[in-house]
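Chemist: Would you mind keeping the following structure in view while I ask a few things?
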Amino acid sequence: MRSRNWTLAAYAACALFAVFALAPLLWMIFSSLKPYEELYNFPPTFGISSLGLHYYEKVLLSSPFPQFLANSLIVSIVSTLISVLFAAMAGWSLARARFRGQWLILNTVLLAYLFPQALIVLPLFTAIAKIGLANTYLGLILAYVTFTFPFSTWMLTAYFAKVPIEIEEAGRMDGASNLTIFCRLVLPLAAPGIVTVAIFSFINAWNEFLYGLVILGGGEKRTLPVGLYNFVGGEFAQWGEMMAATSLTMLPTLLLFLFIQRRLVGGLTAGAVKS
Amino acid sequence: MSALAAKADPHQPARAPGRRLVAWLDERLAILFLIPGLACLSAVILYPVAYNAVVGFTNASLMFPGWRFVGTANFEATLADPLFWRATLNTLVWTACSVAGQLLLGLVAALALEQVTVGRTTLRLALIVPWAFPSIVMAFAWRYMLDPLYGVLNFLLMQVGLIDAPQQWLGSPDLAMPTVIVMNIWFGFPFMMVAIVAGLQTIPQELYEAADIDGAGAWQKFWYVTLPALWQVIATVVILRTIWVFNNFDFVFLTTGGGPIDATTTLPVYAYNAGWQQYDLGRMAAVALVMMVILGFILAVYFRLLRLQKKTGEA
């Protein structure tokens, strides 16, 4: 009977945790649907009869939100593609080849992944400004590639290490070049890992704030986090617009995140496979 | 076996001269493939460290062109600034409490989740939702909930009787730090939970059966079987999280901006303000270097403790 009590306690704990975890999300979405008057009531109202999509209409049709959204999509997608390509190349190389300094590179990758942003942001900004890329998509894309690359490599090295080497050897017997083996055999086999890593690096780029703030300043090319931040006190002074805008910003991350969550842990913990 | 670096197969037919370069490159593909990555790594490691190490000793500024070496003036100014020490203390409190809270909640959530059979997948998905929050969304979702005038949290806590009057969660110097720490715990416990759930699944069931035979209670099983088996996982996630939380800029900056009256100014925010509010790049670089030293020190202590734990564990 003791274990029964434990199970009951576990359900109760899980319920509490679920409320704690979900409350901010639910309250944000709920508030984004409320009419203006009800947003500033105390005590807050919980009725659902007056809910509507008016703030979403406002945000999507008469605010700079769509522009920010487009900026975020461009920067996140392009930087993810480049970063995953580089990471796949480096990851395969690190998982398969043996050469001096390999251990050092793997550890540097890990170190880079843990490096303080405060230390990187200033030099990165100066460098990007110096080559004339401040306030451009390309500038921010470069910044995102460099900062998502280490983690992507760390995870992909682990995935590639699991691809059976016999397959590559068979390809080599048939006289295929290394490049062919990589493109035709290795990449397809590691596809699930690559998708996970791509999604993860997309989410990181999508959520990133500091580099965006520093590199894009207040220009037209601001990404969503920077745009939303700057518009506090401006177009988004009202909580209604803000809650609708943040709910929309959250949507892609949430969906992608729930989609890859199972594979994420494996990748995180398996990173140490070679060292 | 070392496939990629292998020399060309002598049995292969000689290639046409034009293709020799291609073949030569292909043999060295593993090294070539590392080049873009190494460029990225130097951009995020070598260059920043070198840059900060140089600029930290200059009076470089975003306002004026040109710079000159000023010796250790930036470090002296930083160490003489009371706000720097305030920020250091804030950072230590912020890091220690956040990581401890995240670990505790993550551990409890993982253990509870393991016991649950009905609706486990749904619950698991629900519990990792905070992890998916972009920092900007988290900051604003919480700021609205915590608003002193119309925030829902004040209302709920008053209903339950925990507080008598609405509180300025983010607006009062006493409450701001605990509040952002709770936000950070909320954001970070799913990561701990997921890692610990993965760790729990690697514990052989026989250990628990053996403990049952020995007549161990639930608490004893946790203490003597579960916890020792999780030690490795816990150490890893704690180290990772400590680094992340210590270095984290967005949460505090977007939620309180370091206020009120510097109650939540952490070192990353302090460094940012030196560079982007006061345009003093030399100071910012100096602060970044000092941060590295402090973080290095914390990690050294961790690894020391880990080694001690291992030794006593084996003894």
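In the structure tokens, chains take letters A, B, ... by order of appearance, with residues numbered from 1 within each chain and ligands from 1 in the order shown.
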Could you name the residues that touch Phe46 (chain A) at 10 Å or less, counting only C-alpha atoms, but leaving out those on the same chain fewer than 4 positions away, as a list in words?

Modeler: Trp27, Phe30, Ser31, Lys34 and Glu38 of chain A

Chemist: Quick one: DSSP helix (DSSP H, G or I) residues in region 18-210 of chain A, as number ranges by chain?

Modeler: A: 18-32, 36-39, 54-61, 65-96, 102-113, 117-130, 137-162, 165-173, 178-189, 191-207, 210

Chemist: With 6 Å as the limit and counting only C-alpha atoms, what residues in chain A lie close to chain B? Please list them as a PyMOL selection string.

Modeler: chain A and resi 7+10+18+21+28+40-42+86+89-90+93+97+116+118-120+123+146+178+207+225+246+254

Chemist: Can I get the selection written as a PDB file, in the first residue's frame, with N, CA and C atoms?

Modeler:
```pdb
ATOM      1  N   THR A   7       2.602   6.592  -5.576  1.00  0.00           N
ATOM      2  CA  THR A   7       2.084   6.879  -6.905  1.00  0.00           C
ATOM      3  C   THR A   7       1.133   8.068  -6.865  1.00  0.00           C
ATOM      4  N   ALA A  10       3.056  11.116  -6.559  1.00  0.00           N
ATOM      5  CA  ALA A  10       3.709  11.440  -7.817  1.00  0.00           C
ATOM      6  C   ALA A  10       2.739  12.133  -8.770  1.00  0.00           C
ATOM      7  N   ALA A  18       2.882  20.644 -13.713  1.00  0.00           N
ATOM      8  CA  ALA A  18       2.271  20.996 -14.986  1.00  0.00           C
ATOM      9  C   ALA A  18       1.635  22.379 -14.904  1.00  0.00           C
ATOM     10  N   ALA A  21       4.443  24.878 -14.902  1.00  0.00           N
ATOM     11  CA  ALA A  21       5.120  24.975 -16.186  1.00  0.00           C
ATOM     12  C   ALA A  21       4.257  25.672 -17.230  1.00  0.00           C
ATOM     13  N   MET A  28      -0.557  33.973 -21.026  1.00  0.00           N
ATOM     14  CA  MET A  28      -0.147  34.836 -22.139  1.00  0.00           C
ATOM     15  C   MET A  28      -1.139  34.709 -23.299  1.00  0.00           C
ATOM     16  N   TYR A  40      -6.621  45.324 -18.079  1.00  0.00           N
ATOM     17  CA  TYR A  40      -6.106  46.176 -17.008  1.00  0.00           C
ATOM     18  C   TYR A  40      -6.999  46.132 -15.771  1.00  0.00           C
ATOM     19  N   ASN A  41      -7.800  45.073 -15.669  1.00  0.00           N
ATOM     20  CA  ASN A  41      -8.682  44.935 -14.508  1.00  0.00           C
ATOM     21  C   ASN A  41      -7.959  44.285 -13.344  1.00  0.00           C
ATOM     22  N   PHE A  42      -8.251  44.749 -12.162  1.00  0.00           N
ATOM     23  CA  PHE A  42      -7.842  43.996 -10.979  1.00  0.00           C
ATOM     24  C   PHE A  42      -9.023  43.961 -10.032  1.00  0.00           C
ATOM     25  N   PHE A  86      28.408  23.242 -42.171  1.00  0.00           N
ATOM     26  CA  PHE A  86      29.763  23.290 -41.597  1.00  0.00           C
ATOM     27  C   PHE A  86      29.916  22.238 -40.493  1.00  0.00           C
ATOM     28  N   MET A  89      30.179  18.705 -41.849  1.00  0.00           N
ATOM     29  CA  MET A  89      31.515  18.457 -42.386  1.00  0.00           C
ATOM     30  C   MET A  89      32.511  18.220 -41.247  1.00  0.00           C
ATOM     31  N   ALA A  90      32.519  19.153 -40.299  1.00  0.00           N
ATOM     32  CA  ALA A  90      33.480  19.035 -39.195  1.00  0.00           C
ATOM     33  C   ALA A  90      33.174  17.816 -38.331  1.00  0.00           C
ATOM     34  N   SER A  93      34.300  14.614 -40.002  1.00  0.00           N
ATOM     35  CA  SER A  93      35.754  14.593 -39.961  1.00  0.00           C
ATOM     36  C   SER A  93      36.252  14.210 -38.568  1.00  0.00           C
ATOM     37  N   ALA A  97      38.044  10.598 -38.951  1.00  0.00           N
ATOM     38  CA  ALA A  97      39.469  10.674 -39.223  1.00  0.00           C
ATOM     39  C   ALA A  97      40.267  10.679 -37.931  1.00  0.00           C
ATOM     40  N   PRO A 116      31.260  32.750 -22.600  1.00  0.00           N
ATOM     41  CA  PRO A 116      30.333  33.838 -22.276  1.00  0.00           C
ATOM     42  C   PRO A 116      30.080  34.762 -23.466  1.00  0.00           C
ATOM     43  N   ALA A 118      29.130  37.710 -23.223  1.00  0.00           N
ATOM     44  CA  ALA A 118      29.657  39.033 -22.905  1.00  0.00           C
ATOM     45  C   ALA A 118      31.071  39.198 -23.427  1.00  0.00           C
ATOM     46  N   LEU A 119      31.779  38.074 -23.546  1.00  0.00           N
ATOM     47  CA  LEU A 119      33.154  38.123 -24.007  1.00  0.00           C
ATOM     48  C   LEU A 119      33.216  38.165 -25.530  1.00  0.00           C
ATOM     49  N   ILE A 120      32.210  37.561 -26.180  1.00  0.00           N
ATOM     50  CA  ILE A 120      32.248  37.409 -27.628  1.00  0.00           C
ATOM     51  C   ILE A 120      31.606  38.595 -28.341  1.00  0.00           C
ATOM     52  N   PRO A 123      33.979  41.827 -29.568  1.00  0.00           N
ATOM     53  CA  PRO A 123      34.853  41.554 -30.703  1.00  0.00           C
ATOM     54  C   PRO A 123      34.076  41.202 -31.976  1.00  0.00           C
ATOM     55  N   THR A 146      28.548  31.302 -36.344  1.00  0.00           N
ATOM     56  CA  THR A 146      29.653  31.034 -35.431  1.00  0.00           C
ATOM     57  C   THR A 146      29.143  30.567 -34.074  1.00  0.00           C
ATOM     58  N   ASN A 178      35.761  10.139 -51.361  1.00  0.00           N
ATOM     59  CA  ASN A 178      35.334  10.505 -50.016  1.00  0.00           C
ATOM     60  C   ASN A 178      34.140  11.442 -50.045  1.00  0.00           C
ATOM     61  N   ASN A 207      15.578  32.559 -31.117  1.00  0.00           N
ATOM     62  CA  ASN A 207      15.425  33.115 -29.777  1.00  0.00           C
ATOM     63  C   ASN A 207      16.483  34.145 -29.417  1.00  0.00           C
ATOM     64  N   PRO A 225      12.940  39.145 -31.550  1.00  0.00           N
ATOM     65  CA  PRO A 225      13.234  39.517 -30.156  1.00  0.00           C
ATOM     66  C   PRO A 225      13.647  40.979 -30.018  1.00  0.00           C
ATOM     67  N   THR A 246       4.034  38.126 -28.652  1.00  0.00           N
ATOM     68  CA  THR A 246       4.904  37.115 -28.040  1.00  0.00           C
ATOM     69  C   THR A 246       4.334  35.710 -28.270  1.00  0.00           C
ATOM     70  N   LEU A 254       7.920  26.525 -30.037  1.00  0.00           N
ATOM     71  CA  LEU A 254       7.225  25.532 -29.222  1.00  0.00           C
ATOM     72  C   LEU A 254       6.964  24.267 -30.035  1.00  0.00           C
TER      73      LEU A 254
END
```

Chemist: Which polymer residues have any atom within 10 Å of an atom of region 80-83 of chain B, counting only C-alpha atoms, with same-chain residues fewer than 2 positions away left out, as a list in words?

Modeler: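 With the cut-off at 10 Å, the set is Asn74, Phe75, Glu76, Ala77, Thr78, Trp85, Arg86, Ala87, Thr88, Leu89, Asp262, Thr265, Thr266, Leu267 and Tyr270 of chain B.
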
Chemist: Next, write the just-selected residues to a file, as a CSV table (one decimal), in the first residue's frame, keeping N, CA, C and O atoms as the atom set.

Modeler:
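Result saved to out_32.csv:
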```csv
chain,number,residue,atom,x,y,z
B,74,ASN,N,41.8,50.1,-16.6
B,74,ASN,CA,40.4,49.6,-16.7
B,74,ASN,C,40.2,48.6,-15.6
B,74,ASN,O,39.1,48.6,-15.0
B,75,PHE,N,41.1,47.8,-15.3
B,75,PHE,CA,40.9,46.8,-14.2
B,75,PHE,C,40.9,47.4,-12.9
B,75,PHE,O,40.1,47.1,-12.0
B,76,GLU,N,41.7,48.4,-12.7
B,76,GLU,CA,41.7,49.2,-11.4
B,76,GLU,C,40.4,49.9,-11.2
B,76,GLU,O,39.7,49.8,-10.2
B,77,ALA,N,39.9,50.5,-12.3
B,77,ALA,CA,38.6,51.2,-12.2
B,77,ALA,C,37.5,50.2,-11.9
B,77,ALA,O,36.6,50.5,-11.1
B,78,THR,N,37.5,49.1,-12.6
B,78,THR,CA,36.5,48.0,-12.4
B,78,THR,C,36.5,47.6,-10.9
B,78,THR,O,35.5,47.5,-10.3
B,85,TRP,N,31.3,45.1,-7.5
B,85,TRP,CA,31.2,44.1,-6.4
B,85,TRP,C,29.8,43.7,-6.1
B,85,TRP,O,29.5,42.5,-5.9
B,86,ARG,N,28.9,44.7,-6.2
B,86,ARG,CA,27.5,44.4,-6.1
B,86,ARG,C,27.1,43.4,-7.2
B,86,ARG,O,26.4,42.4,-6.9
B,87,ALA,N,27.5,43.7,-8.4
B,87,ALA,CA,27.2,42.8,-9.6
B,87,ALA,C,27.7,41.4,-9.4
B,87,ALA,O,27.1,40.4,-9.7
B,88,THR,N,29.0,41.3,-8.8
B,88,THR,CA,29.6,40.0,-8.6
B,88,THR,C,28.8,39.2,-7.5
B,88,THR,O,28.4,38.0,-7.8
B,89,LEU,N,28.4,39.9,-6.5
B,89,LEU,CA,27.6,39.2,-5.4
B,89,LEU,C,26.3,38.8,-6.0
B,89,LEU,O,25.8,37.7,-5.8
B,262,ASP,N,19.9,48.7,-9.2
B,262,ASP,CA,20.9,47.7,-9.4
B,262,ASP,C,20.7,46.4,-8.6
B,262,ASP,O,21.7,45.6,-8.4
B,265,THR,N,21.4,43.7,-11.1
B,265,THR,CA,22.5,43.8,-12.0
B,265,THR,C,23.5,42.6,-11.9
B,265,THR,O,24.2,42.6,-10.8
B,266,THR,N,23.6,41.8,-12.9
B,266,THR,CA,24.6,40.7,-12.8
B,266,THR,C,25.8,41.1,-13.7
B,266,THR,O,25.7,42.1,-14.4
B,267,LEU,N,26.9,40.3,-13.6
B,267,LEU,CA,28.1,40.7,-14.4
B,267,LEU,C,27.9,40.9,-15.9
B,267,LEU,O,28.4,41.9,-16.4
B,270,TYR,N,26.3,44.2,-16.3
B,270,TYR,CA,27.2,45.2,-15.9
B,270,TYR,C,28.2,45.4,-17.1
B,270,TYR,O,28.5,46.6,-17.5
```
